Amino acid sequence: MWSSLAGSVSPGAGWVRPCRMTLVARTVEEAACPAFEWVGCNGWVGSPSMAKPPVLTPQAEDFPRWYQDVLNKAELADNGPVRGTMVIRPYGYSIWEQMQAQVDARIKGAGASNAYFPLFIPESYLKREAEHVEGFSPELAVVTHAGGKQLEEPVVVRPTSETVIGESMSKWIQSWRDLPLLLNQWANVVRWELRPRVFLRTSEFLWQEGHTAHATESDAAGYARQILHDVYEDFMVNVLALPVVVGCKTPAERFAGATNTMTCEAMMGDGKALQMGTSHELGQNFAKAFNITYLDDTGTQQLAWTTSWGVSTRMVGGLIMGHGDDAGLRLPPRLAPIQTVVVAVRDDEAVIEQCRVIAQALEAAGVRTRLDVDTSTSMGRRVTDWEIKGVPVRLELGPRDLAAGEVTLARRDDGSRTAVPIDGVAAAVQGTLELIQSDMLTRARDARLARTVSVETVDEAVEAAAVGWATLPWDRVGPEGEAALGSHAMTVRCLVRPDGSVPDSVGETDLIAVVARSY
RNA sequence: CGGGCUGUGGCGCAGCUUGGUUAGCGCGUCGGUCUGGGGGACCGAAGGUCGUGGGUUCGAAUCCCGCCAGCCCGACCA
């Protein structure tokens, strides 16, 4: 619909700003909440004594509670009746649908095709790959009874589908001509969780899981990286406006059964990290377990090399916590299900008619538009509601605007309001949407840099990661350092090269570890 | 699984210490009037087996015991 922004995807040099430890001393409150943002956005910042109580719990007061408030008041999701499950409400689901559509298009662009594999997996399948079953068994939901009697072999509800898909791959792949086999499925999966959080960690969630088989290790490695960069990083940076750090997981943090796990990590509004998506090289582990073999062009039987990769509804949580402020959600225009809302200020025939005309013009220009002529609800209430829902641009039209031939354009991201002529408003909105998209990315990147500190020791990293992220040489950490970080509820989120690029393997020298608290 | 806590209209809470007629409050919901440029005001209404089972008592939301559910904090995960 509109051209992609100029910003390049690759982080390049200078992706982390080295700075003094003094910056670390800033409290979370100071970093997250500059001043009186809670009063609303702009306009009146009345005296605190007169101010109404904030609609949402301020982030600086209680970030988890703020998150809960946003989920409720923006009508994104409820808790389900079974602990750890969630009900995704229509507005929340429309956000997910946007993610699906735009990720799916990129997946197709990478050559993969969608298919569907069963929810139920024979328990024995999981057991075929030792590390895999060990990693997942604690969180498996297992069906032992069905059809009124006990099953001969229990079936597990899929926690991920490497095993069933591996079984199909072994049937479908005979020759080198069948490779690469590039599959994807959109599905729900179940991982029984002890500490659930809506969107971030629930016992059931929605995701996309890609599974591919290749003739050579380098083909598999290349494809896993193609997905990582061209699908995930590109989507997160250019659509979600979240400047993710992309790197390799340490062996301790690897996916169960993988030989290499690569990740996109985003910083949330409270300085914690969130794993937004992963792409795995599975080596020949699953090929061996499921006998995925092919005849090469010399007639020799060979084991295939497989990959898997996924992003989930967790990204919705990342979007909320990555961009949200004390007035609620802030959606980047390219993702927003509603990009612009046209609000009629008064119950006035001419005003409402003009609103309709404007909304039609916007739709015709390809802007996802909502018309709000619910004048029985107070203006202030409607404005607040649209802000909580994070709609990027709000057009307010009342008798005063109409008389002046103007409409008031309010930006959700920075709270600014300007009058624009009604003639040509669609073009103005389109321009503003592009501006918001790039400003949100810039703001998020600056915020992350400001809270990322380069240090030299594990102890310094512990201090720095209390409020943000720390980077330090990986050879100063090692398995022992990783354990030490764990005792402070911190982890190495990923390993990157000094220039910010993704290592070929974690065995490279001079790698940098990114340390943070995480969700 | 170990430690701390909570169950009262849709949501958030008060009441319990010291038992006493009709269980309150805020938000939300519904109706109405005035309003309307940043969660408007007023009037009226609906909505509750006080988690559950037992016990004490003339009388239990309140005291005692059991059970259940949930929340927060410590080991795994997209």
# chains A, B, ... in the order shown; residues from 1 in each chain; ligands from 1
$ residues_around --residues "G66 of chain B" --least-positions-apart "5" --cutoff "12 Å" --atoms "only C-alpha atoms (C1' of nucleotides)" --output "short mmCIF file (atom, residue, chain, number, x, y, z; two decimals) with N, CA, C and O atoms (P, O5', C5', C4', C3', O3' and C1' of nucleotides), in the first residue's frame"
data_model
loop_
_atom_site.label_atom_id
_atom_site.label_comp_id
_atom_site.auth_asym_id
_atom_site.auth_seq_id
_atom_site.Cartn_x
_atom_site.Cartn_y
_atom_site.Cartn_z
P U B 52 -20.58 -20.35 48.33
"O5'" U B 52 -20.09 -21.85 48.56
"C5'" U B 52 -20.07 -22.79 47.50
"C4'" U B 52 -19.41 -24.06 47.96
"C3'" U B 52 -19.98 -24.64 49.26
"O3'" U B 52 -21.14 -25.42 49.02
"C1'" U B 52 -17.63 -24.59 49.39
P G B 53 -22.30 -25.48 50.13
"O5'" G B 53 -21.71 -26.56 51.16
"C5'" G B 53 -21.55 -27.91 50.74
"C4'" G B 53 -20.83 -28.71 51.79
"C3'" G B 53 -21.36 -28.59 53.21
"O3'" G B 53 -22.52 -29.37 53.43
"C1'" G B 53 -19.02 -28.42 53.24
P G B 54 -23.55 -28.91 54.56
"O5'" G B 54 -22.65 -28.97 55.88
"C5'" G B 54 -22.76 -30.06 56.76
"C4'" G B 54 -21.58 -30.16 57.68
"C3'" G B 54 -21.75 -29.53 59.06
"O3'" G B 54 -22.56 -30.29 59.93
"C1'" G B 54 -19.62 -28.98 58.21
P G B 55 -23.59 -29.47 60.87
"O5'" G B 55 -22.60 -28.87 61.97
"C5'" G B 55 -21.77 -29.76 62.73
"C4'" G B 55 -20.76 -29.00 63.53
"C3'" G B 55 -21.34 -27.99 64.53
"O3'" G B 55 -21.81 -28.61 65.71
"C1'" G B 55 -19.52 -27.02 63.36
#
$ residues_around --residues "Gly317 of chain A" --least-positions-apart "2" --cutoff "6 Å" --atoms "only C-alpha atoms (C1' of nucleotides)" --output "number ranges by chain"
A: 199-200, 314-315, 319-320
$ write_last_selection --atoms "N, CA and C atoms" --output "compact mmCIF listing (two decimals), in the first residue's frame"
# COMPACT_ATOMS: atom_id res chain seq x y z
N PHE A 199 -0.89 -13.35 26.43
CA PHE A 199 -0.09 -13.10 25.23
C PHE A 199 1.38 -13.48 25.38
N LEU A 200 1.95 -13.33 26.57
CA LEU A 200 3.39 -13.55 26.72
C LEU A 200 3.71 -15.01 26.99
N ARG A 314 2.67 -14.12 21.11
CA ARG A 314 3.50 -13.37 22.05
C ARG A 314 3.88 -12.00 21.46
N MET A 315 3.98 -11.94 20.14
CA MET A 315 4.33 -10.66 19.52
C MET A 315 3.31 -9.56 19.86
N LEU A 319 4.31 -6.02 21.28
CA LEU A 319 3.88 -4.76 20.68
C LEU A 319 3.29 -3.83 21.75
N ILE A 320 2.49 -4.40 22.63
CA ILE A 320 1.88 -3.61 23.69
C ILE A 320 2.96 -3.01 24.59
$ residues_around --residues "segment 42-51 of chain B" --least-positions-apart "2" --cutoff "6 Å" --atoms "only C-alpha atoms (C1' of nucleotides)" --output "short mmCIF file (atom, residue, chain, number, x, y, z; two decimals) with all heavy atoms, in the first residue's frame"
data_model
loop_
_atom_site.label_atom_id
_atom_site.label_comp_id
_atom_site.auth_asym_id
_atom_site.auth_seq_id
_atom_site.Cartn_x
_atom_site.Cartn_y
_atom_site.Cartn_z
P G B 7 -10.61 -11.56 51.15
OP1 G B 7 -11.22 -10.31 51.63
OP2 G B 7 -10.62 -12.76 52.00
"O5'" G B 7 -11.22 -11.91 49.75
"C5'" G B 7 -12.33 -12.74 49.63
"C4'" G B 7 -12.42 -13.31 48.23
"O4'" G B 7 -11.43 -14.35 48.10
"C3'" G B 7 -13.76 -13.97 47.95
"O3'" G B 7 -14.03 -13.94 46.56
"C2'" G B 7 -13.53 -15.42 48.39
"O2'" G B 7 -14.37 -16.33 47.75
"C1'" G B 7 -12.06 -15.62 47.97
N9 G B 7 -11.35 -16.56 48.84
C8 G B 7 -10.64 -16.26 49.97
N7 G B 7 -10.11 -17.31 50.54
C5 G B 7 -10.49 -18.37 49.73
C6 G B 7 -10.21 -19.74 49.84
O6 G B 7 -9.54 -20.32 50.70
N1 G B 7 -10.80 -20.48 48.81
C2 G B 7 -11.56 -19.94 47.81
N2 G B 7 -12.05 -20.80 46.90
N3 G B 7 -11.83 -18.65 47.69
C4 G B 7 -11.26 -17.93 48.67
P U B 8 -14.76 -12.68 45.93
OP1 U B 8 -15.39 -13.14 44.68
OP2 U B 8 -13.82 -11.55 45.92
"O5'" U B 8 -15.90 -12.35 46.99
"C5'" U B 8 -17.06 -13.17 47.07
"C4'" U B 8 -18.20 -12.40 47.65
"O4'" U B 8 -17.80 -11.85 48.95
"C3'" U B 8 -18.62 -11.16 46.86
"O3'" U B 8 -19.50 -11.51 45.81
"C2'" U B 8 -19.30 -10.33 47.92
"O2'" U B 8 -20.59 -10.82 48.20
"C1'" U B 8 -18.41 -10.59 49.14
N1 U B 8 -17.33 -9.58 49.28
C2 U B 8 -17.68 -8.34 49.82
O2 U B 8 -18.81 -8.07 50.15
N3 U B 8 -16.66 -7.45 49.94
C4 U B 8 -15.34 -7.66 49.60
O4 U B 8 -14.53 -6.76 49.77
C5 U B 8 -15.06 -8.96 49.05
C6 U B 8 -16.05 -9.85 48.91
P G B 9 -19.05 -11.33 44.29
OP1 G B 9 -18.89 -12.66 43.68
OP2 G B 9 -17.94 -10.35 44.24
"O5'" G B 9 -20.38 -10.70 43.68
"C5'" G B 9 -20.34 -9.87 42.53
"C4'" G B 9 -21.75 -9.82 41.99
"O4'" G B 9 -22.57 -9.05 42.91
"C3'" G B 9 -21.87 -9.16 40.63
"O3'" G B 9 -22.67 -9.96 39.79
"C2'" G B 9 -22.57 -7.82 40.92
"O2'" G B 9 -23.42 -7.42 39.88
"C1'" G B 9 -23.36 -8.15 42.17
N9 G B 9 -23.65 -6.99 43.00
C8 G B 9 -22.79 -6.01 43.40
N7 G B 9 -23.36 -5.10 44.14
C5 G B 9 -24.67 -5.50 44.23
C6 G B 9 -25.78 -4.93 44.90
O6 G B 9 -25.80 -3.90 45.58
N1 G B 9 -26.94 -5.67 44.75
C2 G B 9 -27.03 -6.82 44.01
N2 G B 9 -28.21 -7.40 43.97
N3 G B 9 -26.01 -7.39 43.37
C4 G B 9 -24.88 -6.68 43.53
P A B 61 -24.36 -14.84 57.25
OP1 A B 61 -25.10 -13.65 57.77
OP2 A B 61 -25.11 -15.89 56.52
"O5'" A B 61 -23.18 -14.33 56.32
"C5'" A B 61 -22.36 -15.26 55.64
"C4'" A B 61 -20.99 -14.68 55.40
"O4'" A B 61 -21.14 -13.31 54.96
"C3'" A B 61 -20.10 -14.60 56.63
"O3'" A B 61 -19.39 -15.79 56.85
"C2'" A B 61 -19.18 -13.44 56.30
"O2'" A B 61 -18.13 -13.86 55.45
"C1'" A B 61 -20.11 -12.51 55.50
N9 A B 61 -20.73 -11.46 56.33
C8 A B 61 -22.06 -11.30 56.63
N7 A B 61 -22.31 -10.26 57.39
C5 A B 61 -21.06 -9.70 57.60
C6 A B 61 -20.64 -8.57 58.32
N6 A B 61 -21.47 -7.77 58.98
N1 A B 61 -19.32 -8.29 58.33
C2 A B 61 -18.50 -9.10 57.66
N3 A B 61 -18.77 -10.19 56.94
C4 A B 61 -20.07 -10.43 56.94
#
$ select_by_dssp --residues "segment 264-487 of chain A" --states "alpha helix (DSSP H)" --output "short mmCIF file (atom, residue, chain, number, x, y, z; two decimals) with N, CA, C and O atoms, in the first residue's frame"
data_model
loop_
_atom_site.label_atom_id
_atom_site.label_comp_id
_atom_site.auth_asym_id
_atom_site.auth_seq_id
_atom_site.Cartn_x
_atom_site.Cartn_y
_atom_site.Cartn_z
N ASN A 285 19.46 -34.00 13.50
CA ASN A 285 18.86 -34.67 14.66
C ASN A 285 17.50 -35.27 14.34
O ASN A 285 17.21 -36.42 14.66
N PHE A 286 16.64 -34.47 13.73
CA PHE A 286 15.30 -34.98 13.43
C PHE A 286 15.30 -35.85 12.18
O PHE A 286 14.48 -36.74 12.04
N ALA A 287 16.23 -35.57 11.29
CA ALA A 287 16.35 -36.42 10.10
C ALA A 287 16.71 -37.86 10.52
O ALA A 287 16.17 -38.83 9.99
N LYS A 288 17.58 -37.96 11.51
CA LYS A 288 17.94 -39.29 12.02
C LYS A 288 16.74 -39.93 12.73
O LYS A 288 16.42 -41.09 12.51
N ALA A 289 16.08 -39.15 13.56
CA ALA A 289 14.98 -39.70 14.37
C ALA A 289 13.80 -40.14 13.50
O ALA A 289 13.08 -41.07 13.84
N PHE A 290 13.60 -39.45 12.37
CA PHE A 290 12.43 -39.74 11.54
C PHE A 290 12.81 -40.25 10.15
O PHE A 290 11.97 -40.34 9.27
N ARG A 314 2.67 -14.12 21.11
CA ARG A 314 3.50 -13.37 22.05
C ARG A 314 3.88 -12.00 21.46
O ARG A 314 4.06 -11.03 22.20
N MET A 315 3.98 -11.94 20.14
CA MET A 315 4.33 -10.66 19.52
C MET A 315 3.31 -9.56 19.86
O MET A 315 3.66 -8.39 19.89
N VAL A 316 2.07 -9.97 20.09
CA VAL A 316 1.06 -8.97 20.46
C VAL A 316 1.45 -8.34 21.80
O VAL A 316 1.40 -7.12 21.98
N GLY A 317 1.87 -9.20 22.74
CA GLY A 317 2.34 -8.69 24.02
C GLY A 317 3.55 -7.80 23.85
O GLY A 317 3.68 -6.76 24.50
N GLY A 318 4.45 -8.18 22.96
CA GLY A 318 5.64 -7.39 22.70
C GLY A 318 5.30 -6.03 22.12
O GLY A 318 5.94 -5.02 22.45
N LEU A 319 4.31 -6.02 21.28
CA LEU A 319 3.88 -4.76 20.68
C LEU A 319 3.29 -3.83 21.75
O LEU A 319 3.59 -2.63 21.78
N ILE A 320 2.49 -4.40 22.63
CA ILE A 320 1.88 -3.61 23.69
C ILE A 320 2.96 -3.01 24.59
O ILE A 320 2.99 -1.80 24.84
N MET A 321 3.89 -3.88 25.04
CA MET A 321 4.89 -3.42 26.01
C MET A 321 6.04 -2.68 25.37
O MET A 321 6.78 -1.98 26.05
N GLY A 322 6.20 -2.84 24.07
CA GLY A 322 7.29 -2.17 23.39
C GLY A 322 6.98 -0.72 23.05
O GLY A 322 7.88 0.12 23.02
N HIS A 323 5.72 -0.43 22.80
CA HIS A 323 5.35 0.92 22.37
C HIS A 323 4.38 1.63 23.31
O HIS A 323 4.21 2.84 23.22
N GLU A 349 -25.86 17.51 11.78
CA GLU A 349 -26.02 16.84 10.49
C GLU A 349 -24.88 17.13 9.53
O GLU A 349 -24.31 16.23 8.90
N ALA A 350 -24.53 18.42 9.44
CA ALA A 350 -23.47 18.81 8.50
C ALA A 350 -22.12 18.21 8.93
O ALA A 350 -21.33 17.77 8.10
N VAL A 351 -21.88 18.22 10.23
CA VAL A 351 -20.62 17.66 10.75
C VAL A 351 -20.52 16.17 10.42
O VAL A 351 -19.51 15.69 9.91
N ILE A 352 -21.59 15.45 10.72
CA ILE A 352 -21.56 14.00 10.50
C ILE A 352 -21.45 13.68 9.01
O ILE A 352 -20.71 12.77 8.62
N GLU A 353 -22.12 14.44 8.19
CA GLU A 353 -22.02 14.21 6.76
C GLU A 353 -20.59 14.42 6.28
O GLU A 353 -20.05 13.64 5.50
N GLN A 354 -19.97 15.49 6.77
CA GLN A 354 -18.58 15.76 6.37
C GLN A 354 -17.65 14.64 6.86
O GLN A 354 -16.71 14.25 6.16
N CYS A 355 -17.93 14.13 8.04
CA CYS A 355 -17.12 13.02 8.56
C CYS A 355 -17.22 11.81 7.63
O CYS A 355 -16.22 11.12 7.37
N ARG A 356 -18.42 11.55 7.17
CA ARG A 356 -18.60 10.41 6.27
C ARG A 356 -17.81 10.61 4.97
O ARG A 356 -17.17 9.67 4.48
N VAL A 357 -17.88 11.80 4.47
CA VAL A 357 -17.16 12.09 3.23
C VAL A 357 -15.66 11.88 3.43
O VAL A 357 -14.98 11.27 2.60
N ILE A 358 -15.15 12.38 4.54
CA ILE A 358 -13.72 12.23 4.82
C ILE A 358 -13.35 10.76 4.97
O ILE A 358 -12.34 10.29 4.42
N ALA A 359 -14.19 10.02 5.70
CA ALA A 359 -13.89 8.60 5.92
C ALA A 359 -13.87 7.85 4.59
O ALA A 359 -13.00 6.99 4.37
N GLN A 360 -14.78 8.19 3.71
CA GLN A 360 -14.82 7.53 2.40
C GLN A 360 -13.58 7.86 1.59
O GLN A 360 -13.01 6.99 0.92
N ALA A 361 -13.17 9.12 1.68
CA ALA A 361 -11.97 9.51 0.94
C ALA A 361 -10.75 8.76 1.45
O ALA A 361 -9.87 8.34 0.67
N LEU A 362 -10.69 8.58 2.76
CA LEU A 362 -9.55 7.85 3.35
C LEU A 362 -9.56 6.39 2.91
O LEU A 362 -8.52 5.84 2.52
N GLU A 363 -10.73 5.77 2.98
CA GLU A 363 -10.84 4.38 2.55
C GLU A 363 -10.41 4.24 1.09
O GLU A 363 -9.69 3.32 0.73
N ALA A 364 -10.89 5.19 0.30
CA ALA A 364 -10.56 5.15 -1.13
C ALA A 364 -9.06 5.28 -1.35
O ALA A 364 -8.51 4.76 -2.32
N MET A 379 -17.44 13.38 24.20
CA MET A 379 -16.24 13.53 23.36
C MET A 379 -14.99 13.04 24.10
O MET A 379 -14.19 12.30 23.55
N GLY A 380 -14.84 13.46 25.33
CA GLY A 380 -13.64 13.10 26.09
C GLY A 380 -13.51 11.59 26.22
O GLY A 380 -12.42 11.03 26.09
N ARG A 381 -14.62 10.96 26.45
CA ARG A 381 -14.61 9.51 26.61
C ARG A 381 -14.16 8.82 25.32
O ARG A 381 -13.37 7.88 25.33
N ARG A 382 -14.70 9.29 24.22
CA ARG A 382 -14.35 8.65 22.95
C ARG A 382 -12.88 8.86 22.61
O ARG A 382 -12.19 7.95 22.15
N VAL A 383 -12.40 10.07 22.84
CA VAL A 383 -10.99 10.36 22.58
C VAL A 383 -10.10 9.43 23.40
O VAL A 383 -9.16 8.82 22.89
N THR A 384 -10.43 9.32 24.66
CA THR A 384 -9.64 8.46 25.55
C THR A 384 -9.67 7.01 25.08
O THR A 384 -8.64 6.33 25.07
N ASP A 385 -10.85 6.55 24.70
CA ASP A 385 -10.96 5.17 24.25
C ASP A 385 -10.11 4.89 23.02
O ASP A 385 -9.44 3.86 22.93
N TRP A 386 -10.12 5.82 22.07
CA TRP A 386 -9.31 5.58 20.86
C TRP A 386 -7.82 5.65 21.18
O TRP A 386 -7.02 4.96 20.55
N GLU A 387 -7.48 6.47 22.15
CA GLU A 387 -6.06 6.52 22.55
C GLU A 387 -5.65 5.21 23.21
O GLU A 387 -4.58 4.69 22.95
N ILE A 388 -6.50 4.70 24.09
CA ILE A 388 -6.18 3.43 24.74
C ILE A 388 -5.99 2.34 23.69
O ILE A 388 -5.12 1.48 23.81
N PRO A 399 -18.20 21.64 14.62
CA PRO A 399 -18.69 22.84 13.93
C PRO A 399 -17.59 23.87 13.67
O PRO A 399 -17.54 24.48 12.61
N ARG A 400 -16.69 24.04 14.61
CA ARG A 400 -15.63 25.03 14.44
C ARG A 400 -14.71 24.66 13.29
O ARG A 400 -14.33 25.51 12.48
N ASP A 401 -14.34 23.37 13.24
CA ASP A 401 -13.48 22.92 12.15
C ASP A 401 -14.18 23.10 10.82
O ASP A 401 -13.61 23.56 9.84
N LEU A 402 -15.45 22.68 10.84
CA LEU A 402 -16.23 22.73 9.60
C LEU A 402 -16.30 24.15 9.06
O LEU A 402 -16.10 24.38 7.87
N ALA A 403 -16.55 25.10 9.95
CA ALA A 403 -16.64 26.49 9.54
C ALA A 403 -15.34 26.99 8.93
O ALA A 403 -15.33 27.80 8.00
N ALA A 404 -14.23 26.45 9.45
CA ALA A 404 -12.92 26.89 8.96
C ALA A 404 -12.45 26.06 7.76
O ALA A 404 -11.37 26.30 7.24
N VAL A 425 -7.25 16.00 2.74
CA VAL A 425 -6.94 15.43 4.05
C VAL A 425 -6.38 14.01 3.91
O VAL A 425 -5.54 13.59 4.70
N ALA A 426 -6.83 13.28 2.89
CA ALA A 426 -6.36 11.89 2.75
C ALA A 426 -4.84 11.86 2.55
O ALA A 426 -4.14 11.04 3.14
N ALA A 427 -4.35 12.77 1.72
CA ALA A 427 -2.91 12.80 1.48
C ALA A 427 -2.16 13.19 2.76
O ALA A 427 -1.10 12.63 3.07
N ALA A 428 -2.74 14.13 3.50
CA ALA A 428 -2.10 14.55 4.75
C ALA A 428 -2.04 13.39 5.73
O ALA A 428 -1.03 13.19 6.42
N VAL A 429 -3.11 12.62 5.80
CA VAL A 429 -3.14 11.47 6.71
C VAL A 429 -2.11 10.43 6.28
O VAL A 429 -1.35 9.91 7.11
N GLN A 430 -2.05 10.16 4.99
CA GLN A 430 -1.07 9.19 4.52
C GLN A 430 0.36 9.61 4.87
O GLN A 430 1.16 8.80 5.32
N GLY A 431 0.63 10.88 4.68
CA GLY A 431 1.96 11.39 5.01
C GLY A 431 2.24 11.27 6.50
O GLY A 431 3.33 10.86 6.93
N THR A 432 1.23 11.58 7.30
CA THR A 432 1.40 11.50 8.75
C THR A 432 1.62 10.06 9.20
O THR A 432 2.43 9.79 10.08
N LEU A 433 0.90 9.14 8.58
CA LEU A 433 1.06 7.73 8.95
C LEU A 433 2.50 7.26 8.69
O LEU A 433 3.09 6.56 9.52
N GLU A 434 3.05 7.66 7.58
CA GLU A 434 4.43 7.27 7.28
C GLU A 434 5.40 7.88 8.29
O GLU A 434 6.35 7.24 8.73
N LEU A 435 5.11 9.13 8.64
CA LEU A 435 5.95 9.83 9.61
C LEU A 435 5.89 9.13 10.97
O LEU A 435 6.90 8.93 11.64
N ILE A 436 4.68 8.78 11.38
CA ILE A 436 4.51 8.09 12.66
C ILE A 436 5.28 6.77 12.66
O ILE A 436 5.95 6.42 13.62
N GLN A 437 5.16 6.05 11.55
CA GLN A 437 5.85 4.76 11.45
C GLN A 437 7.35 4.94 11.69
O GLN A 437 7.95 4.22 12.50
N SER A 438 7.94 5.89 11.02
CA SER A 438 9.40 6.05 11.16
C SER A 438 9.75 6.67 12.51
O SER A 438 10.76 6.30 13.13
N ASP A 439 8.92 7.58 13.00
CA ASP A 439 9.21 8.18 14.32
C ASP A 439 9.13 7.14 15.44
O ASP A 439 9.92 7.18 16.39
N MET A 440 8.17 6.23 15.33
CA MET A 440 8.05 5.22 16.37
C MET A 440 9.27 4.32 16.40
O MET A 440 9.75 3.94 17.48
N LEU A 441 9.77 3.98 15.23
CA LEU A 441 10.97 3.14 15.18
C LEU A 441 12.16 3.88 15.76
O LEU A 441 12.93 3.34 16.56
N THR A 442 12.30 5.13 15.37
CA THR A 442 13.42 5.93 15.87
C THR A 442 13.35 6.06 17.39
O THR A 442 14.35 5.89 18.10
N ARG A 443 12.17 6.34 17.87
CA ARG A 443 12.00 6.53 19.31
C ARG A 443 12.33 5.23 20.06
O ARG A 443 13.01 5.25 21.09
N ALA A 444 11.85 4.13 19.53
CA ALA A 444 12.11 2.85 20.20
C ALA A 444 13.60 2.51 20.16
O ALA A 444 14.17 1.99 21.12
N ARG A 445 14.25 2.82 19.05
CA ARG A 445 15.68 2.52 18.93
C ARG A 445 16.48 3.40 19.89
O ARG A 445 17.37 2.93 20.59
N ASP A 446 16.12 4.68 19.96
CA ASP A 446 16.82 5.58 20.88
C ASP A 446 16.64 5.12 22.32
O ASP A 446 17.57 5.16 23.13
N ALA A 447 15.41 4.70 22.64
CA ALA A 447 15.13 4.27 24.01
C ALA A 447 15.97 3.05 24.36
O ALA A 447 16.51 2.93 25.46
N ARG A 448 16.10 2.13 23.40
CA ARG A 448 16.88 0.92 23.67
C ARG A 448 18.36 1.26 23.84
O ARG A 448 19.03 0.79 24.76
N LEU A 449 18.87 2.11 22.96
CA LEU A 449 20.28 2.49 23.07
C LEU A 449 20.55 3.18 24.39
O LEU A 449 21.57 2.95 25.03
N ALA A 450 19.59 4.02 24.81
CA ALA A 450 19.79 4.76 26.05
C ALA A 450 19.83 3.84 27.26
O ALA A 450 20.38 4.19 28.30
N VAL A 458 30.83 -9.68 34.57
CA VAL A 458 29.50 -10.20 34.89
C VAL A 458 28.86 -9.35 36.00
O VAL A 458 27.67 -9.04 35.94
N ASP A 459 29.66 -8.96 36.99
CA ASP A 459 29.10 -8.15 38.08
C ASP A 459 28.54 -6.83 37.56
O ASP A 459 27.46 -6.40 37.97
N GLU A 460 29.27 -6.21 36.65
CA GLU A 460 28.78 -4.96 36.07
C GLU A 460 27.51 -5.21 35.26
O GLU A 460 26.59 -4.40 35.25
N ALA A 461 27.49 -6.35 34.60
CA ALA A 461 26.31 -6.68 33.80
C ALA A 461 25.09 -6.83 34.69
O ALA A 461 23.99 -6.39 34.36
N VAL A 462 25.27 -7.46 35.84
CA VAL A 462 24.17 -7.65 36.78
C VAL A 462 23.62 -6.30 37.22
O VAL A 462 22.41 -6.09 37.30
N GLU A 463 24.54 -5.37 37.47
CA GLU A 463 24.11 -4.04 37.90
C GLU A 463 23.35 -3.33 36.77
O GLU A 463 22.27 -2.77 36.98
N ALA A 464 23.90 -3.40 35.58
CA ALA A 464 23.30 -2.69 34.44
C ALA A 464 21.97 -3.30 34.03
O ALA A 464 21.01 -2.59 33.72
N GLY A 478 30.78 -17.11 29.79
CA GLY A 478 30.90 -18.57 29.79
C GLY A 478 29.79 -19.22 30.59
O GLY A 478 28.96 -18.54 31.18
N PRO A 479 29.77 -20.53 30.61
CA PRO A 479 28.74 -21.26 31.33
C PRO A 479 28.64 -20.87 32.82
O PRO A 479 27.55 -20.77 33.37
N GLU A 480 29.81 -20.60 33.44
CA GLU A 480 29.78 -20.25 34.88
C GLU A 480 29.11 -18.89 35.05
O GLU A 480 28.26 -18.70 35.93
N GLY A 481 29.48 -17.95 34.18
CA GLY A 481 28.88 -16.62 34.26
C GLY A 481 27.40 -16.68 34.00
O GLY A 481 26.61 -15.95 34.61
N GLU A 482 27.00 -17.56 33.10
CA GLU A 482 25.58 -17.70 32.79
C GLU A 482 24.81 -18.14 34.02
O GLU A 482 23.71 -17.65 34.30
N ALA A 483 25.39 -19.06 34.76
CA ALA A 483 24.75 -19.52 35.99
C ALA A 483 24.64 -18.38 36.99
O ALA A 483 23.63 -18.21 37.68
N ALA A 484 25.72 -17.58 37.07
CA ALA A 484 25.72 -16.44 38.01
C ALA A 484 24.62 -15.45 37.65
O ALA A 484 23.91 -14.93 38.52
N LEU A 485 24.46 -15.22 36.37
CA LEU A 485 23.39 -14.30 35.93
C LEU A 485 22.03 -14.87 36.31
O LEU A 485 21.13 -14.14 36.74
N GLY A 486 21.91 -16.17 36.16
CA GLY A 486 20.64 -16.82 36.46
C GLY A 486 20.20 -16.59 37.90
O GLY A 486 19.01 -16.46 38.18
#
$ residues_around --residues "segment 70-72 of chain B" --least-positions-apart "3" --cutoff "10 Å" --atoms "only C-alpha atoms (C1' of nucleotides)" --output "ChimeraX atom specification"
/A:83 /B:4-7
$ residues_around --residues "Glu139 of chain A" --least-positions-apart "4" --cutoff "10 Å" --atoms "only C-alpha atoms (C1' of nucleotides)" --output "list in words"
Gly135, Pro159, Val190, Arg191, Trp192, Glu193, Leu194 and Ser203 of chain A; C76 and C77 of chain B
$ interface_residues --of "chain B" --to "chain A" --cutoff "6 Å" --atoms "only C-alpha atoms (C1' of nucleotides)" --output "MDAnalysis selection string"
chainID B and resid 38:39 78
$ closest_residue --among "A:Arg330, A:Lys73, A:Arg197, A:Arg65" --to "C11 of chain B" --atoms "only C-alpha atoms (C1' of nucleotides)"
A:Lys73
$ residues_around --residues "G15 of chain B" --least-positions-apart "4" --cutoff "9 Å" --atoms "only C-alpha atoms (C1' of nucleotides)" --output "mmCIF file with C-alpha atoms (C1' of nucleotides), in the first residue's frame"
data_model
loop_
_atom_site.group_PDB
_atom_site.id
_atom_site.type_symbol
_atom_site.label_atom_id
_atom_site.label_comp_id
_atom_site.auth_asym_id
_atom_site.auth_seq_id
_atom_site.Cartn_x
_atom_site.Cartn_y
_atom_site.Cartn_z
ATOM 1 C "C1'" A B 23 -24.709 -6.636 53.414
ATOM 2 C "C1'" G B 24 -22.491 -1.228 51.712
ATOM 3 C "C1'" A B 61 -20.110 -12.513 55.500
ATOM 4 C "C1'" U B 62 -18.153 -12.122 60.677
#
$ residues_around --residues "Arg106 of chain A" --least-positions-apart "4" --cutoff "7 Å" --atoms "only C-alpha atoms (C1' of nucleotides)" --output "list in words"
Gln102, Ala110 and Val231 of chain A
